[in-house]
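The file final_8.txt comes next; it holds compact mmCIF, C-alpha atoms.
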```txt
# COMPACT_ATOMS: atom_id res chain seq x y z
CA MET A 1 -3.69 -31.24 19.74
CA ARG A 2 -1.95 -33.79 21.92
CA ASN A 3 0.22 -32.76 24.82
CA ARG A 4 3.67 -33.58 23.48
CA ALA A 5 5.33 -31.62 26.31
CA VAL A 6 4.63 -34.43 28.74
CA LEU A 7 4.11 -37.55 26.64
CA PHE A 8 5.97 -39.07 23.73
CA THR A 9 3.99 -41.13 21.15
CA GLY A 10 1.15 -41.79 23.50
CA LEU A 11 0.52 -43.06 27.19
CA VAL A 12 -3.46 -46.36 39.23
CA THR A 13 -5.25 -48.33 40.79
CA ALA A 14 -5.44 -48.39 44.62
CA ALA A 15 -5.05 -51.59 46.59
CA ALA A 16 -7.83 -52.67 48.87
CA SER A 17 -5.79 -53.81 51.85
CA VAL A 18 -3.72 -51.75 54.25
CA VAL A 19 -0.20 -53.07 54.71
CA ALA A 20 2.70 -50.94 55.89
CA LEU A 21 5.68 -50.70 53.59
CA THR A 22 9.07 -51.64 54.94
CA GLY A 23 12.54 -50.77 53.81
CA CYS A 24 11.84 -47.35 52.28
CA GLY A 25 13.39 -45.52 55.21
CA SER A 26 16.76 -47.27 54.98
CA SER A 27 19.62 -46.53 52.62
CA SER A 28 18.87 -47.86 49.20
CA GLY A 29 20.35 -51.16 48.11
CA SER A 30 23.58 -52.87 49.21
CA GLU A 31 26.69 -54.50 47.78
CA SER A 32 28.45 -57.63 48.98
CA ALA A 33 32.18 -58.28 49.04
CA ASP A 34 32.01 -60.28 45.81
CA GLY A 35 30.41 -57.39 43.91
CA ASN A 36 26.87 -58.73 43.97
CA VAL A 37 24.24 -56.09 44.71
CA THR A 38 20.81 -56.00 46.28
CA ILE A 39 18.36 -53.39 45.04
CA GLU A 40 15.02 -52.38 46.50
CA PHE A 41 11.93 -52.07 44.32
CA ALA A 42 9.01 -50.27 45.96
CA GLN A 43 5.60 -50.59 44.25
CA TRP A 44 1.93 -51.29 44.87
CA TRP A 45 1.68 -53.79 42.02
CA GLU A 46 2.44 -57.09 43.77
CA PRO A 47 -0.64 -56.95 46.07
CA GLU A 48 -2.88 -56.26 43.08
CA LEU A 49 -1.61 -59.19 41.00
CA PRO A 50 -2.41 -62.90 41.43
CA ASP A 51 -0.60 -64.24 44.46
CA GLY A 52 3.04 -65.11 43.78
CA GLU A 53 3.09 -64.22 40.08
CA PHE A 54 5.04 -60.96 40.32
CA ARG A 55 7.65 -62.50 42.62
CA ALA A 56 8.02 -65.35 40.13
CA MET A 57 8.66 -62.81 37.37
CA ILE A 58 11.34 -61.10 39.46
CA ASP A 59 12.89 -64.53 40.13
CA LYS A 60 13.33 -64.91 36.36
CA PHE A 61 15.19 -61.60 36.30
CA GLU A 62 17.49 -62.77 39.09
CA GLU A 63 18.18 -66.04 37.26
CA ALA A 64 19.23 -64.07 34.18
CA ASN A 65 21.21 -61.58 36.29
CA PRO A 66 22.72 -63.64 39.15
CA GLU A 67 24.76 -60.67 40.36
CA VAL A 68 21.55 -58.75 41.24
CA THR A 69 19.09 -59.54 44.01
CA VAL A 70 15.77 -57.68 44.04
CA GLU A 71 14.02 -56.99 47.32
CA LEU A 72 10.36 -56.21 46.67
CA VAL A 73 8.95 -53.51 48.95
CA SER A 74 5.24 -54.05 48.36
CA GLY A 75 2.17 -52.37 49.80
CA PRO A 76 -1.06 -50.62 48.85
CA TYR A 77 -0.99 -47.62 46.56
CA ALA A 78 -1.66 -45.11 49.35
CA SER A 79 1.12 -46.50 51.55
CA THR A 80 3.54 -46.61 48.63
CA LYS A 81 2.81 -42.98 47.87
CA GLU A 82 3.30 -41.95 51.50
CA GLN A 83 6.57 -43.83 51.86
CA LEU A 84 8.02 -42.59 48.55
CA PHE A 85 7.28 -38.98 49.40
CA ALA A 86 8.90 -39.50 52.80
CA GLY A 87 11.89 -41.13 51.13
CA ALA A 88 12.13 -38.25 48.68
CA ALA A 89 12.31 -35.78 51.54
CA SER A 90 15.01 -37.74 53.36
CA GLY A 91 17.02 -38.86 50.33
CA THR A 92 16.38 -42.55 51.03
CA MET A 93 14.16 -43.65 48.16
CA PRO A 94 14.45 -47.29 47.06
CA ASP A 95 16.56 -47.94 43.97
CA VAL A 96 13.58 -48.65 41.70
CA VAL A 97 10.20 -47.06 42.31
CA GLY A 98 6.69 -47.59 41.05
CA LEU A 99 5.35 -44.20 39.99
CA ASP A 100 2.04 -42.51 39.36
CA GLY A 101 2.35 -39.91 36.64
CA ALA A 102 0.86 -37.32 38.98
CA TRP A 103 3.97 -37.55 41.19
CA VAL A 104 6.59 -37.18 38.48
CA SER A 105 6.79 -33.39 38.25
CA ASP A 106 7.22 -32.99 42.02
CA PHE A 107 9.88 -35.71 42.22
CA ALA A 108 11.74 -34.33 39.19
CA GLU A 109 11.72 -30.83 40.65
CA GLN A 110 13.16 -32.20 43.91
CA GLY A 111 15.85 -34.03 41.93
CA VAL A 112 15.07 -37.37 43.57
CA ILE A 113 14.43 -39.44 40.43
CA ALA A 114 16.94 -40.00 37.65
CA ASP A 115 16.80 -39.29 33.92
CA LEU A 116 16.10 -42.73 32.46
CA THR A 117 17.34 -42.10 28.92
CA PRO A 118 21.10 -42.47 29.56
CA LEU A 119 20.50 -45.33 32.01
CA LEU A 120 18.46 -47.36 29.52
CA ASP A 121 20.92 -46.53 26.76
CA GLU A 122 23.81 -47.86 28.84
CA ALA A 123 21.74 -50.98 29.58
CA GLY A 124 21.38 -51.56 25.82
CA PHE A 125 17.63 -50.98 25.76
CA ASP A 126 16.16 -49.36 22.65
CA ASP A 127 13.62 -46.82 23.91
CA SER A 128 11.84 -46.78 20.54
CA GLN A 129 10.09 -49.91 21.89
CA LEU A 130 8.31 -47.80 24.51
CA VAL A 131 4.70 -46.83 23.95
CA SER A 132 5.38 -43.64 25.88
CA GLN A 133 7.74 -41.77 28.16
CA VAL A 134 6.82 -39.19 30.78
CA GLN A 135 9.09 -36.18 30.61
CA VAL A 136 9.80 -33.00 32.51
CA GLU A 137 11.89 -30.39 30.68
CA ASP A 138 12.83 -32.88 27.96
CA LYS A 139 14.16 -35.51 30.37
CA THR A 140 12.45 -38.88 30.82
CA TYR A 141 11.72 -39.66 34.45
CA MET A 142 9.00 -42.31 34.16
CA VAL A 143 8.15 -45.10 31.77
CA PRO A 144 4.59 -46.50 31.86
CA VAL A 145 4.97 -50.24 32.34
CA VAL A 146 1.31 -51.19 31.84
CA ASN A 147 -1.65 -48.97 31.06
CA PHE A 148 -5.26 -49.13 32.20
CA VAL A 149 -7.45 -47.42 29.62
CA TYR A 150 -10.85 -45.85 30.30
CA PRO A 151 -13.33 -46.65 27.50
CA MET A 152 -17.10 -46.20 27.69
CA PHE A 153 -19.13 -49.00 29.28
CA THR A 154 -22.76 -49.50 28.22
CA ASN A 155 -25.50 -51.51 29.90
CA ASP A 156 -26.79 -53.09 26.72
CA ASP A 157 -30.04 -54.33 28.24
CA LEU A 158 -30.97 -50.84 29.45
CA LEU A 159 -30.05 -49.33 26.09
CA SER A 160 -32.08 -51.97 24.28
CA GLN A 161 -35.11 -51.33 26.49
CA ALA A 162 -34.76 -47.64 25.63
CA GLY A 163 -34.71 -48.39 21.91
CA VAL A 164 -30.99 -47.74 21.47
CA THR A 165 -29.56 -50.45 19.22
CA ALA A 166 -25.84 -49.67 19.42
CA PRO A 167 -23.44 -47.81 21.72
CA PRO A 168 -23.34 -44.10 20.81
CA GLU A 169 -20.41 -42.86 18.76
CA THR A 170 -21.07 -39.11 18.85
CA ARG A 171 -22.08 -36.65 21.55
CA THR A 172 -25.51 -36.19 20.01
CA GLU A 173 -26.09 -39.95 19.98
CA PHE A 174 -24.85 -40.16 23.58
CA ALA A 175 -27.17 -37.40 24.81
CA ASP A 176 -30.10 -39.05 23.01
CA ALA A 177 -29.32 -42.47 24.51
CA ALA A 178 -28.85 -41.01 27.99
CA LYS A 179 -32.24 -39.28 27.82
CA LYS A 180 -34.01 -42.39 26.56
CA VAL A 181 -32.56 -44.51 29.38
CA SER A 182 -33.50 -41.87 31.97
CA ASP A 183 -37.05 -41.80 30.59
CA LEU A 184 -37.54 -45.53 31.19
CA ASP A 185 -39.82 -46.61 33.99
CA GLY A 186 -37.66 -47.18 37.06
CA ASP A 187 -34.75 -45.37 38.71
CA ALA A 188 -32.05 -45.78 36.03
CA SER A 189 -30.05 -42.76 34.84
CA GLY A 190 -28.38 -42.32 31.50
CA TRP A 191 -24.86 -41.51 32.69
CA VAL A 192 -22.86 -41.38 35.93
CA LEU A 193 -20.43 -38.55 36.75
CA PRO A 194 -18.27 -38.71 39.92
CA LEU A 195 -17.12 -35.24 41.00
CA SER A 196 -15.93 -35.86 44.57
CA LEU A 197 -13.36 -33.30 45.67
CA GLU A 198 -11.87 -35.80 48.10
CA ALA A 199 -10.91 -38.08 45.20
CA PRO A 200 -11.02 -35.68 42.22
CA ASN A 201 -9.91 -38.01 39.43
CA GLY A 202 -13.41 -37.79 37.95
CA VAL A 203 -12.27 -34.47 36.45
CA GLN A 204 -9.57 -36.39 34.60
CA ASN A 205 -11.49 -39.51 33.62
CA ASP A 206 -15.08 -38.35 33.27
CA VAL A 207 -14.84 -34.65 32.31
CA MET A 208 -11.66 -33.97 30.36
CA SER A 209 -12.02 -37.29 28.52
CA TRP A 210 -14.76 -35.66 26.40
CA ALA A 211 -12.27 -33.11 25.09
CA TRP A 212 -9.51 -35.67 24.51
CA ALA A 213 -11.92 -37.96 22.64
CA SER A 214 -12.20 -35.25 19.96
CA GLY A 215 -8.49 -34.47 19.79
CA GLY A 216 -8.74 -31.52 22.19
CA SER A 217 -6.25 -30.33 24.77
CA MET A 218 -6.40 -28.44 28.07
CA LEU A 219 -2.85 -27.16 27.58
CA LYS A 220 -1.05 -24.87 25.15
CA ASP A 221 2.74 -24.94 25.02
CA GLY A 222 2.67 -26.76 28.36
CA GLN A 223 0.58 -24.07 30.07
CA PRO A 224 -3.10 -24.09 31.17
CA ASP A 225 -5.61 -23.45 28.39
CA LEU A 226 -8.97 -24.26 29.94
CA THR A 227 -10.98 -21.64 28.07
CA ASN A 228 -10.24 -22.87 24.54
CA ASP A 229 -13.05 -24.02 22.26
CA ASP A 230 -12.37 -27.76 22.74
CA VAL A 231 -12.55 -27.70 26.54
CA THR A 232 -15.46 -25.24 26.54
CA SER A 233 -17.40 -27.45 24.13
CA ALA A 234 -16.84 -30.56 26.27
CA VAL A 235 -17.86 -28.83 29.50
CA ASP A 236 -20.91 -27.27 27.86
CA PHE A 237 -21.92 -30.73 26.68
CA ILE A 238 -21.72 -32.07 30.23
CA GLY A 239 -23.68 -29.05 31.43
CA GLY A 240 -26.40 -29.89 28.94
CA LEU A 241 -26.59 -33.46 30.22
CA TRP A 242 -26.89 -32.09 33.76
CA ASP A 243 -29.69 -29.73 32.77
CA ASP A 244 -31.51 -32.58 31.03
CA GLY A 245 -31.48 -34.57 34.27
CA VAL A 246 -29.83 -37.64 32.75
CA ILE A 247 -26.88 -37.80 35.18
CA ALA A 248 -27.17 -40.10 38.21
CA PRO A 249 -27.80 -38.26 41.49
CA GLY A 250 -25.04 -37.71 44.04
CA SER A 251 -22.29 -36.52 41.66
CA PHE A 252 -20.73 -34.03 44.08
CA THR A 253 -19.76 -36.70 46.61
CA MET A 254 -19.41 -39.65 44.26
CA LYS A 255 -16.01 -41.36 43.84
CA GLU A 256 -14.86 -43.80 41.20
CA GLN A 257 -15.83 -46.87 43.22
CA ASP A 258 -19.33 -45.45 43.70
CA LYS A 259 -19.65 -44.98 39.96
CA VAL A 260 -18.69 -48.59 39.32
CA GLU A 261 -21.20 -49.77 41.90
CA GLU A 262 -24.01 -47.79 40.25
CA PHE A 263 -23.20 -49.34 36.87
CA THR A 264 -22.71 -52.85 38.22
CA ASN A 265 -26.08 -52.74 39.96
CA GLY A 266 -27.83 -51.72 36.73
CA ARG A 267 -28.71 -48.19 37.83
CA VAL A 268 -27.00 -46.35 34.95
CA GLY A 269 -26.88 -46.92 31.24
CA MET A 270 -23.38 -45.65 30.53
CA MET A 271 -20.14 -44.78 32.29
CA ILE A 272 -16.49 -44.06 31.45
CA ASP A 273 -14.33 -46.44 33.45
CA SER A 274 -11.10 -48.39 33.74
CA LEU A 275 -10.71 -51.59 31.79
CA ALA A 276 -9.35 -53.04 35.03
CA HIS A 277 -12.93 -53.24 36.36
CA ILE A 278 -14.29 -55.62 33.71
CA ASN A 279 -13.65 -58.74 35.77
CA LEU A 280 -14.92 -57.07 38.95
CA ILE A 281 -18.21 -56.18 37.24
CA ARG A 282 -18.53 -59.70 35.87
CA GLU A 283 -17.90 -61.29 39.25
CA THR A 284 -20.24 -58.95 41.12
CA ASN A 285 -23.12 -59.18 38.64
CA PRO A 286 -22.71 -62.14 36.27
CA ASP A 287 -26.09 -61.39 34.69
CA LEU A 288 -25.19 -57.87 33.59
CA ASN A 289 -25.05 -57.63 29.80
CA PHE A 290 -22.55 -54.88 28.99
CA SER A 291 -20.09 -53.86 26.32
CA ILE A 292 -17.36 -51.27 25.81
CA SER A 293 -16.64 -48.74 23.08
CA ALA A 294 -14.65 -45.57 22.47
CA VAL A 295 -15.68 -42.41 24.30
CA PRO A 296 -18.04 -40.59 21.89
CA ALA A 297 -16.54 -37.76 19.87
CA GLU A 298 -17.87 -34.36 18.94
CA ASP A 299 -20.27 -34.52 15.98
CA GLY A 300 -18.35 -34.39 12.71
CA TYR A 301 -14.97 -35.24 14.25
CA SER A 302 -13.09 -37.84 12.18
CA GLY A 303 -9.57 -37.73 13.61
CA GLU A 304 -7.87 -40.01 16.12
CA ARG A 305 -9.61 -40.24 19.47
CA GLY A 306 -7.78 -39.76 22.71
CA ILE A 307 -8.61 -42.36 25.34
CA PRO A 308 -8.02 -41.72 29.05
CA TYR A 309 -5.59 -43.99 30.84
CA ALA A 310 -3.75 -44.55 34.10
CA SER A 311 -0.43 -46.34 34.38
CA TRP A 312 1.84 -48.32 36.57
CA GLY A 313 4.94 -46.26 35.93
CA ILE A 314 8.53 -47.00 36.86
CA GLY A 315 11.57 -44.88 37.66
CA VAL A 316 15.00 -45.00 39.26
CA ALA A 317 16.00 -43.06 42.37
CA GLU A 318 18.70 -40.45 41.96
CA ASN A 319 20.19 -41.51 45.32
CA SER A 320 20.58 -45.14 44.18
CA GLU A 321 24.15 -46.42 44.34
CA HIS A 322 23.23 -49.20 41.90
CA LYS A 323 21.71 -47.42 38.92
CA GLU A 324 23.20 -49.94 36.49
CA ALA A 325 21.40 -52.82 38.18
CA ALA A 326 18.25 -50.73 38.50
CA ALA A 327 18.31 -49.98 34.77
CA LYS A 328 18.67 -53.70 34.03
CA LEU A 329 15.49 -54.37 36.00
CA VAL A 330 13.61 -51.62 34.19
CA SER A 331 14.82 -52.98 30.85
CA PHE A 332 13.71 -56.48 31.81
CA LEU A 333 10.20 -55.35 32.75
CA MET A 334 9.90 -53.34 29.54
CA SER A 335 11.15 -56.13 27.26
CA GLU A 336 8.61 -57.48 24.78
CA GLU A 337 8.16 -60.94 26.34
CA THR A 338 8.11 -59.82 29.99
CA ASN A 339 5.84 -56.88 29.28
CA SER A 340 3.38 -59.18 27.52
CA GLU A 341 3.32 -61.43 30.59
CA LEU A 342 2.93 -58.55 33.04
CA SER A 343 0.14 -56.88 31.09
CA THR A 344 -1.65 -60.24 30.93
CA MET A 345 -1.36 -60.63 34.72
CA ALA A 346 -2.69 -57.13 35.29
CA ASN A 347 -5.46 -57.18 32.65
CA ALA A 348 -3.83 -54.05 31.26
CA PHE A 349 -2.25 -52.90 28.03
CA PRO A 350 1.50 -53.12 27.55
CA GLY A 351 4.09 -50.37 27.65
CA ASN A 352 6.18 -52.10 24.97
CA THR A 353 4.97 -51.49 21.41
CA GLY A 354 5.59 -55.11 20.42
CA SER A 355 3.91 -56.73 23.40
CA VAL A 356 0.44 -58.28 23.17
CA PRO A 357 -1.40 -59.47 26.28
CA ALA A 358 -2.81 -62.99 26.01
CA PHE A 359 -6.31 -61.94 27.05
CA VAL A 360 -6.96 -60.08 23.80
CA GLU A 361 -7.14 -63.42 22.02
CA ASP A 362 -9.39 -65.06 24.59
CA ASP A 363 -11.91 -62.41 25.58
CA ASP A 364 -14.10 -60.39 23.21
CA LEU A 365 -14.39 -57.37 25.51
CA PHE A 366 -10.66 -57.09 26.06
CA LYS A 367 -10.06 -57.59 22.35
CA LYS A 368 -12.47 -54.73 21.60
CA ALA A 369 -10.67 -52.55 24.13
CA PHE A 370 -7.31 -53.37 22.54
CA ASP A 371 -8.70 -52.38 19.14
CA ILE A 372 -9.88 -49.05 20.59
CA TYR A 373 -6.47 -48.56 22.20
CA GLN A 374 -4.62 -49.18 18.95
CA ALA A 375 -6.97 -47.04 16.83
CA GLY A 376 -6.61 -43.94 19.00
CA TYR A 377 -3.98 -42.47 21.25
CA PRO A 378 -3.59 -42.56 25.05
CA ALA A 379 -4.57 -39.18 26.49
CA ASN A 380 -3.98 -37.99 30.04
CA GLU A 381 -2.57 -34.49 30.16
CA PHE A 382 -2.47 -34.50 33.95
CA VAL A 383 0.46 -36.91 33.82
CA GLY A 384 3.64 -35.03 34.67
CA LEU A 385 1.91 -31.79 35.68
CA PRO A 386 2.80 -30.06 38.94
CA VAL A 387 0.32 -30.77 41.79
CA ALA A 388 -1.86 -32.69 39.30
CA GLU A 389 -4.39 -33.84 41.89
CA GLU A 390 -4.85 -30.30 43.19
CA LEU A 391 -5.46 -29.09 39.63
CA MET A 392 -8.25 -31.65 39.31
CA ARG A 393 -9.70 -30.56 42.64
CA GLN A 394 -9.69 -26.88 41.67
CA LEU A 395 -11.48 -27.49 38.38
CA GLY A 396 -13.88 -29.89 40.06
CA ALA A 397 -14.84 -27.30 42.68
CA GLN A 398 -15.56 -24.70 40.01
CA LEU A 399 -17.62 -27.19 37.99
CA GLN A 400 -19.64 -28.10 41.08
CA ALA A 401 -20.41 -24.42 41.68
CA ALA A 402 -21.54 -24.03 38.07
CA LEU A 403 -23.70 -27.14 37.99
CA ASP A 404 -25.21 -26.00 41.30
CA GLY A 405 -26.28 -22.73 39.66
CA GLN A 406 -23.84 -20.46 41.51
CA GLN A 407 -22.01 -19.38 38.35
CA SER A 408 -21.89 -20.10 34.64
CA LEU A 409 -19.75 -22.81 33.11
CA THR A 410 -17.78 -20.08 31.34
CA GLU A 411 -17.04 -18.46 34.70
CA ALA A 412 -16.05 -21.85 36.13
CA LEU A 413 -13.44 -22.38 33.42
CA GLU A 414 -12.15 -18.82 33.72
CA LYS A 415 -11.71 -19.12 37.48
CA ALA A 416 -10.08 -22.53 37.19
CA GLN A 417 -7.75 -21.12 34.53
CA THR A 418 -6.63 -18.41 36.94
CA GLU A 419 -6.10 -20.93 39.74
CA TRP A 420 -4.11 -23.22 37.47
CA GLU A 421 -1.90 -20.37 36.29
CA GLY A 422 -1.02 -19.75 39.94
CA GLU A 423 0.09 -23.39 40.30
CA PHE A 424 2.19 -23.40 37.14
```
Go ahead and express the file in the form of structure tokens.
Amino acid sequence: MRNRAVLFTGLVTAAASVVALTGCGSSSGSESADGNVTIEFAQWWEPELPDGEFRAMIDKFEEANPEVTVELVSGPYASTKEQLFAGAASGTMPDVVGLDGAWVSDFAEQGVIADLTPLLDEAGFDDSQLVSQVQVEDKTYMVPVVNFVYPMFTNDDLLSQAGVTAPPETRTEFADAAKKVSDLDGDASGWVLPLSLEAPNGVQNDVMSWAWASGGSMLKDGQPDLTNDDVTSAVDFIGGLWDDGVIAPGSFTMKEQDKVEEFTNGRVGMMIDSLAHINLIRETNPDLNFSISAVPAEDGYSGERGIPYASWGIGVAENSEHKEAAAKLVSFLMSEETNSELSTMANAFPGNTGSVPAFVEDDDLFKKAFDIYQAGYPANEFVGLPVAEELMRQLGAQLQAALDGQQSLTEALEKAQTEWEGEF
């Protein structure tokens, strides 16, 4: 079952440079004598988009709303996170904030971000246009603006050499393909699994995705449910791949970027990864012949498939003195036309149900990804959970101990369940 406690109807990348944010420590926004206002918008998006394009989009907003000036407070993801948490503690968050779903529960509990529903309603925005809303206790605190989905990538040349003619659609087909690739002459492995505890999002993207792909859930009534049949089946499947020796070496210290490097260099046959990396892979290894498909489902499963995702989310600070102007900006970014443009810039999928990014018409891989996206449902149950990253780390540590032979996979899930219950 899907986690409806956190997500409605469905649905972060880190910047490479290090630039200090400015403005987050000051009081949010300002108003001139003539009633015009300036609002601050802190996010990590501008550095990750083509130079000047996001500012040009904000300029269009200002042209349509001459009474509002938007000051972009832009920096890398890590710096944005640090500054927003500092601003939350001091009550000086910028008016509009870029959000990662993993932060939402903590910010909502602190009372530092506002319920968006009445703000968008007052701005005249129909929230039925939204692909999803992230809620805590039935209040919407974040709207995903664009979404980066995580389909399965396959090295089609390696699969072909191994006698695999099409990307696997079921777990049995996947295990068979992974073994055949691993049995090839050379050092290629069938699959790559990053389980670094320093950056534990592999638990989200590469482990729990197997349960979501078959309609499973790690929660029940909003509480941890790691020992249910769906999660147990997915983890047992991964354990079987480990025992078969088809997973690339170095999992316990491997991070997402390491996984992408292994695939890009032709050392693994399959990986689960962000759509955002398609162009990076193409640029780094133009000769790599690869395709994407849905994460394989449990044998016999015929329902909708959940597909992992990460989002650029947006919210409004509770301390903002200009919530009306802030809501106008959110509404602008979530409008059908603007959201189509932004998702095209970001090579991501839109947060507005009517928006269509231009790249789906021009690029076969992106078109295939969009078809997968529309056929299934976005699944990331860590979004909106308390201390989401720590939950990933706890489960990852228990899985490492099990794969290392120190305990059974059943014991790993039971111990992680107990740890999670303590966090909830």
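Between CA of Asn279 in chain A and CA of Lys368 in chain A there is a distance of 14.8 Å.
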**Study point:** Selection as a list of chain:residue names: residues within 9 Å of (3.4, -55.7, 36.1), counting all atoms listed in the file
**Key:** A:Trp45, A:Glu46, A:Leu49, A:Phe54, A:Met57, A:Val145, A:Val146, A:Trp312, A:Leu333, A:Thr338, A:Asn339, A:Glu341, A:Leu342, A:Ser343, A:Thr344, A:Met345, A:Ala346, A:Ala348
Practice item. Compute the distance from (-14.9, -48.9, 25.4) to each atom, counting all atoms listed in the file, keep the residues with any atom at most 8 Å away, and return them as an MDAnalysis selection string; use the coordinates of the file. Key: chainID A and resid 150:153 272 291:295 368:369 372
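With only C-alpha atoms as the atoms that count, the minimum distance from Leu280 in chain A to the choices A:Asn228, A:Ser331, A:Ser182, A:Asn347 is reached by A:Asn347.
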Practice item. Would you mind listing what lies within 10 Å of Asp100 in chain A as a ChimeraX atom specification, with all atoms listed in the file counted and same-chain residues fewer than 5 positions away left out? Key: /A:12-13,77,81,142,144,310-315,383-384
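The space separating CA of Val164 in chain A from CA of Ser189 in chain A comes to 14.3 Å.
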